Amino acid sequence: MMCQSEARRGPELRAAKWLHFPQLALRRRLGQLSCMSRPALKLRSWPLTVLYYLLPFGALRPLSRVGWRPVSRVALYKSVPTRLLSRAWGRLNQVELPHWLRRPVYSLYIWTFGVNMKEAAVEDLHHYRNLSEFFRRKLKPQARPVCGLHSVISPSDGKILNFGQVKNCEVEQVKGVTYSLESFLGPRTYTEDLPFPPAASCDSFKNQLVTREGNELYHCVIYLAPGDYHCFHSPTDWTVSHRRHFPGSLMSVNPGMARWIKELFCHNERVVLTGDWKHGFFSLTAVGATNVGSIRIYFDRDLHTNSPRHSKGSYNDFSFVTHTNREGVPMRKGEHLGEFNLGSTIVLIFEAPKDFNFQLKTGQKIRFGEALGSL
């Protein structure tokens, strides 16, 4: 009986060996890959990763049983050379279009993104020599009346992604997805000409920003779509004393991507303007995005964004407070402040009394000059 059972198991064992052979071969190949250098390993594994996500019916899922793991979608997206692509897009935007081609190109863009050209200071499409001029078009003076009754207005056209009180030193980029306040603004230093020392913990960092007793810290995130007006303005009467430039990635900042990538705003290139308003600390941050490497601040000629070389996690500080100007750059509510090259995000973080109220709803469309909140 033993011989009969072994005889019956003989074909099964041979079939099992035949089935395990590809897995053993794959394990050997993966072992060879693990000995390769990190850049070479990425080069060899990423084509498989792309196929893993693109092929239907989980065609490459059996590979996971032999120890292979695909690169995550987030890591795969982060590997895309968005800075290089954005610089190429910027060069393309500067190319002067033939007179006969301007109307069809701009009309296609207007139709795709729902641009309202009746608000533009110049409605004639032939006036704009290139895409860059069209993106940065000015509006008619009466198109955006500035609300005088509220202390804080929207600095731009866009969509409200999130707003409210800053809690636990974290800010929501979209509902349920947060980022660190200190990672976003950067550490406080003596070079900022502010009367408090660097923070030692999360709570002390927040306490440094809240300079007056009884005040709280608030935030508001505004997403500018490609069809929106691309200039941004001063949201209140305040004085800008410091600029910090973070050269970083240029990933898309649309709401879907903001839900997908944690601390997206901390990864992307951004320009942080900090200063004071009548209730204490005030900051406006312009966050770059794919094809929006160009962030321009009108009064800051030394600012150069989307440069070819940068160190990851680095930042550049510049103080507007000098021996001849002890206050900084005064800005009036509604005054022109800067512009993007396509569309991106504005983040306001400011100190205000506890009875400050936002006049907003998450997801609503808003235009420059409309009220954000007031006391």
# chains A, B, ... in the order shown; residues from 1 in each chain; ligands from 1
>>> residues_around(residues="range 266-283 of chain A", least_positions_apart="6", cutoff="7 Å", atoms="only C-alpha atoms", output="number ranges by chain")
A: 183-185, 209-212, 237-251, 289, 348-352
>>> write_last_selection(atoms="C-alpha atoms", output="compact mmCIF listing (two decimals), in the first residue's frame")
# COMPACT_ATOMS: atom_id res chain seq x y z
CA SER A 183 7.24 71.71 8.23
CA PHE A 184 5.15 74.02 6.09
CA LEU A 185 6.38 77.38 7.42
CA LEU A 209 3.18 82.51 16.26
CA VAL A 210 0.39 83.56 18.63
CA THR A 211 1.96 86.70 20.06
CA ARG A 212 -1.04 88.12 21.91
CA ASP A 237 -3.81 95.54 5.65
CA TRP A 238 -0.51 94.13 6.87
CA THR A 239 3.29 94.53 6.75
CA VAL A 240 5.49 91.87 5.15
CA SER A 241 8.76 91.52 7.04
CA HIS A 242 10.19 88.24 5.80
CA ARG A 243 10.22 85.88 2.81
CA ARG A 244 11.19 82.21 2.92
CA HIS A 245 11.54 80.27 -0.35
CA PHE A 246 11.37 76.46 -0.29
CA PRO A 247 12.63 74.98 -3.59
CA GLY A 248 10.85 71.64 -3.77
CA SER A 249 8.77 69.38 -5.97
CA LEU A 250 6.13 70.66 -8.34
CA MET A 251 3.39 68.06 -7.97
CA ALA A 289 2.42 73.07 -8.74
CA LEU A 348 -3.26 81.88 4.75
CA ILE A 349 -2.16 81.29 8.36
CA PHE A 350 -2.82 84.12 10.76
CA GLU A 351 -3.44 85.11 14.35
CA ALA A 352 -6.78 86.61 15.38
>>> closest_residue(among="A:Asn316, A:Glu339, A:Phe134, A:Leu217", to="Val171 in chain A", atoms="only C-alpha atoms")
A:Leu217
>>> select_by_dssp(residues="range 198-235 of chain A", states="strand (DSSP E)", output="ChimeraX atom specification")
/A:215-223,231-233
>>> write_last_selection(atoms="all heavy atoms", output="short mmCIF file (atom, residue, chain, number, x, y, z; two decimals), in the first residue's frame")
data_model
loop_
_atom_site.label_atom_id
_atom_site.label_comp_id
_atom_site.auth_asym_id
_atom_site.auth_seq_id
_atom_site.Cartn_x
_atom_site.Cartn_y
_atom_site.Cartn_z
N ASN A 215 -5.59 85.22 21.75
CA ASN A 215 -5.74 84.99 20.32
C ASN A 215 -5.60 83.51 19.98
O ASN A 215 -5.06 82.72 20.75
CB ASN A 215 -4.69 85.79 19.53
CG ASN A 215 -5.06 87.26 19.42
OD1 ASN A 215 -6.08 87.70 19.95
ND2 ASN A 215 -4.23 88.02 18.74
N GLU A 216 -6.06 83.16 18.78
CA GLU A 216 -5.93 81.81 18.24
C GLU A 216 -5.29 81.89 16.86
O GLU A 216 -5.20 82.97 16.26
CB GLU A 216 -7.29 81.11 18.16
CG GLU A 216 -7.94 80.83 19.49
CD GLU A 216 -7.23 79.76 20.29
OE1 GLU A 216 -6.42 79.00 19.68
OE2 GLU A 216 -7.47 79.66 21.51
N LEU A 217 -4.87 80.74 16.36
CA LEU A 217 -4.26 80.66 15.03
C LEU A 217 -5.29 80.06 14.06
O LEU A 217 -5.91 79.03 14.35
CB LEU A 217 -3.00 79.80 15.08
CG LEU A 217 -1.92 80.06 14.02
CD1 LEU A 217 -1.41 81.48 14.12
CD2 LEU A 217 -0.78 79.07 14.19
N TYR A 218 -5.46 80.70 12.90
CA TYR A 218 -6.44 80.27 11.90
C TYR A 218 -5.74 80.01 10.57
O TYR A 218 -4.63 80.50 10.32
CB TYR A 218 -7.51 81.34 11.73
CG TYR A 218 -8.32 81.61 12.98
CD1 TYR A 218 -7.88 82.56 13.90
CD2 TYR A 218 -9.50 80.93 13.25
CE1 TYR A 218 -8.61 82.82 15.05
CE2 TYR A 218 -10.23 81.18 14.39
CZ TYR A 218 -9.78 82.13 15.30
OH TYR A 218 -10.50 82.37 16.44
N HIS A 219 -6.43 79.23 9.73
CA HIS A 219 -5.87 78.95 8.41
C HIS A 219 -6.99 78.90 7.37
O HIS A 219 -8.16 78.66 7.69
CB HIS A 219 -5.12 77.61 8.40
CG HIS A 219 -6.03 76.41 8.42
ND1 HIS A 219 -6.35 75.69 7.30
CD2 HIS A 219 -6.72 75.83 9.43
CE1 HIS A 219 -7.17 74.70 7.61
NE2 HIS A 219 -7.42 74.77 8.90
N CYS A 220 -6.61 79.13 6.11
CA CYS A 220 -7.55 79.03 5.00
C CYS A 220 -6.76 78.62 3.75
O CYS A 220 -5.70 79.20 3.46
CB CYS A 220 -8.26 80.37 4.76
SG CYS A 220 -9.48 80.32 3.43
N VAL A 221 -7.26 77.60 3.04
CA VAL A 221 -6.59 77.06 1.85
C VAL A 221 -7.47 77.31 0.63
O VAL A 221 -8.63 76.89 0.59
CB VAL A 221 -6.31 75.55 1.99
CG1 VAL A 221 -5.54 75.03 0.78
CG2 VAL A 221 -5.55 75.26 3.27
N ILE A 222 -6.91 78.00 -0.38
CA ILE A 222 -7.65 78.34 -1.60
C ILE A 222 -6.94 77.74 -2.80
O ILE A 222 -5.75 78.02 -3.03
CB ILE A 222 -7.76 79.87 -1.78
CG1 ILE A 222 -8.37 80.51 -0.53
CG2 ILE A 222 -8.56 80.22 -3.02
CD1 ILE A 222 -8.32 82.02 -0.53
N TYR A 223 -7.66 76.91 -3.55
CA TYR A 223 -7.09 76.27 -4.75
C TYR A 223 -7.47 77.05 -6.00
O TYR A 223 -8.64 77.32 -6.25
CB TYR A 223 -7.60 74.83 -4.86
CG TYR A 223 -7.33 74.19 -6.20
CD1 TYR A 223 -6.03 73.89 -6.60
CD2 TYR A 223 -8.37 73.87 -7.07
CE1 TYR A 223 -5.78 73.30 -7.83
CE2 TYR A 223 -8.13 73.29 -8.30
CZ TYR A 223 -6.83 73.00 -8.67
OH TYR A 223 -6.58 72.43 -9.89
N CYS A 231 -3.60 86.06 -10.79
CA CYS A 231 -2.91 86.99 -9.88
C CYS A 231 -3.48 86.84 -8.47
O CYS A 231 -4.63 86.43 -8.29
CB CYS A 231 -3.09 88.43 -10.37
SG CYS A 231 -2.34 88.75 -11.99
N PHE A 232 -2.66 87.18 -7.47
CA PHE A 232 -3.17 87.20 -6.10
C PHE A 232 -2.83 88.53 -5.46
O PHE A 232 -1.86 89.21 -5.85
CB PHE A 232 -2.65 86.01 -5.27
CG PHE A 232 -1.17 85.80 -5.30
CD1 PHE A 232 -0.35 86.34 -4.32
CD2 PHE A 232 -0.58 85.02 -6.29
CE1 PHE A 232 1.02 86.13 -4.32
CE2 PHE A 232 0.80 84.80 -6.31
CZ PHE A 232 1.60 85.35 -5.33
N HIS A 233 -3.64 88.91 -4.48
CA HIS A 233 -3.60 90.24 -3.90
C HIS A 233 -3.46 90.15 -2.39
O HIS A 233 -3.59 89.08 -1.79
CB HIS A 233 -4.88 91.01 -4.25
CG HIS A 233 -5.11 91.17 -5.71
ND1 HIS A 233 -5.08 92.39 -6.35
CD2 HIS A 233 -5.39 90.25 -6.69
CE1 HIS A 233 -5.33 92.23 -7.64
NE2 HIS A 233 -5.52 90.94 -7.87
#
>>> closest_residue(among="A:Ser374, A:Val321, A:His99, A:Thr236", to="Val146 in chain A", atoms="only C-alpha atoms")
A:Thr236
>>> atom_distance(atom1="CA of Thr324 in chain A", atom2="CA of Phe299 in chain A")
16.5 Å
>>> closest_residue(among="A:Arg87, A:Arg326, A:Arg144, A:His336", to="Glu119 in chain A", atoms="only C-alpha atoms")
A:Arg144
>>> select_by_dssp(residues="range 199-300 of chain A", states="alpha helix (DSSP H)", output="PyMOL selection string")
chain A and resi 202-209+255-260+264-267
>>> write_last_selection(atoms="N, CA and C atoms", output="PDB file, in the first residue's frame")
ATOM      1  N   CYS A 202       6.251  71.282  19.409  1.00  0.00           N
ATOM      2  CA  CYS A 202       5.111  71.688  18.575  1.00  0.00           C
ATOM      3  C   CYS A 202       4.324  72.813  19.227  1.00  0.00           C
ATOM      4  N   ASP A 203       3.968  72.633  20.524  1.00  0.00           N
ATOM      5  CA  ASP A 203       3.156  73.643  21.208  1.00  0.00           C
ATOM      6  C   ASP A 203       3.884  74.972  21.300  1.00  0.00           C
ATOM      7  N   SER A 204       5.193  74.925  21.590  1.00  0.00           N
ATOM      8  CA  SER A 204       5.927  76.179  21.711  1.00  0.00           C
ATOM      9  C   SER A 204       6.057  76.865  20.353  1.00  0.00           C
ATOM     10  N   PHE A 205       6.114  76.074  19.271  1.00  0.00           N
ATOM     11  CA  PHE A 205       6.164  76.680  17.939  1.00  0.00           C
ATOM     12  C   PHE A 205       4.871  77.438  17.653  1.00  0.00           C
ATOM     13  N   LYS A 206       3.745  76.826  17.969  1.00  0.00           N
ATOM     14  CA  LYS A 206       2.460  77.500  17.777  1.00  0.00           C
ATOM     15  C   LYS A 206       2.362  78.723  18.682  1.00  0.00           C
ATOM     16  N   ASN A 207       2.851  78.597  19.913  1.00  0.00           N
ATOM     17  CA  ASN A 207       2.794  79.712  20.847  1.00  0.00           C
ATOM     18  C   ASN A 207       3.642  80.889  20.382  1.00  0.00           C
ATOM     19  N   GLN A 208       4.707  80.606  19.649  1.00  0.00           N
ATOM     20  CA  GLN A 208       5.530  81.685  19.117  1.00  0.00           C
ATOM     21  C   GLN A 208       4.776  82.499  18.077  1.00  0.00           C
ATOM     22  N   LEU A 209       3.952  81.816  17.298  1.00  0.00           N
ATOM     23  CA  LEU A 209       3.185  82.514  16.263  1.00  0.00           C
ATOM     24  C   LEU A 209       2.073  83.351  16.892  1.00  0.00           C
ATOM     25  N   PRO A 255      -7.491  69.067  -5.711  1.00  0.00           N
ATOM     26  CA  PRO A 255      -8.018  68.431  -4.491  1.00  0.00           C
ATOM     27  C   PRO A 255      -7.858  66.923  -4.465  1.00  0.00           C
ATOM     28  N   GLY A 256      -7.984  66.250  -5.617  1.00  0.00           N
ATOM     29  CA  GLY A 256      -7.808  64.805  -5.650  1.00  0.00           C
ATOM     30  C   GLY A 256      -6.407  64.397  -5.247  1.00  0.00           C
ATOM     31  N   MET A 257      -5.404  65.108  -5.755  1.00  0.00           N
ATOM     32  CA  MET A 257      -4.021  64.804  -5.406  1.00  0.00           C
ATOM     33  C   MET A 257      -3.733  65.169  -3.955  1.00  0.00           C
ATOM     34  N   ALA A 258      -4.363  66.234  -3.456  1.00  0.00           N
ATOM     35  CA  ALA A 258      -4.165  66.633  -2.064  1.00  0.00           C
ATOM     36  C   ALA A 258      -4.689  65.569  -1.098  1.00  0.00           C
ATOM     37  N   ARG A 259      -5.717  64.830  -1.501  1.00  0.00           N
ATOM     38  CA  ARG A 259      -6.230  63.738  -0.668  1.00  0.00           C
ATOM     39  C   ARG A 259      -5.304  62.529  -0.723  1.00  0.00           C
ATOM     40  N   TRP A 260      -4.572  62.396  -1.806  1.00  0.00           N
ATOM     41  CA  TRP A 260      -3.768  61.211  -2.076  1.00  0.00           C
ATOM     42  C   TRP A 260      -2.399  61.280  -1.410  1.00  0.00           C
ATOM     43  N   LEU A 264       1.393  67.174   1.049  1.00  0.00           N
ATOM     44  CA  LEU A 264       1.712  67.599  -0.313  1.00  0.00           C
ATOM     45  C   LEU A 264       2.270  69.012  -0.340  1.00  0.00           C
ATOM     46  N   PHE A 265       1.649  69.922   0.405  1.00  0.00           N
ATOM     47  CA  PHE A 265       2.088  71.317   0.389  1.00  0.00           C
ATOM     48  C   PHE A 265       3.495  71.479   0.972  1.00  0.00           C
ATOM     49  N   CYS A 266       3.905  70.548   1.838  1.00  0.00           N
ATOM     50  CA  CYS A 266       5.257  70.616   2.407  1.00  0.00           C
ATOM     51  C   CYS A 266       6.305  70.080   1.434  1.00  0.00           C
ATOM     52  N   HIS A 267       5.892  69.259   0.475  1.00  0.00           N
ATOM     53  CA  HIS A 267       6.815  68.736  -0.530  1.00  0.00           C
ATOM     54  C   HIS A 267       7.032  69.747  -1.662  1.00  0.00           C
TER      55      HIS A 267
END
>>> closest_residue(among="A:Val115, A:Pro187, A:Leu337, A:Ile153", to="Ile297 in chain A", atoms="only C-alpha atoms")
A:Leu337
>>> atom_distance(atom1="CA of Ile295 in chain A", atom2="CA of Leu224 in chain A")
13.2 Å
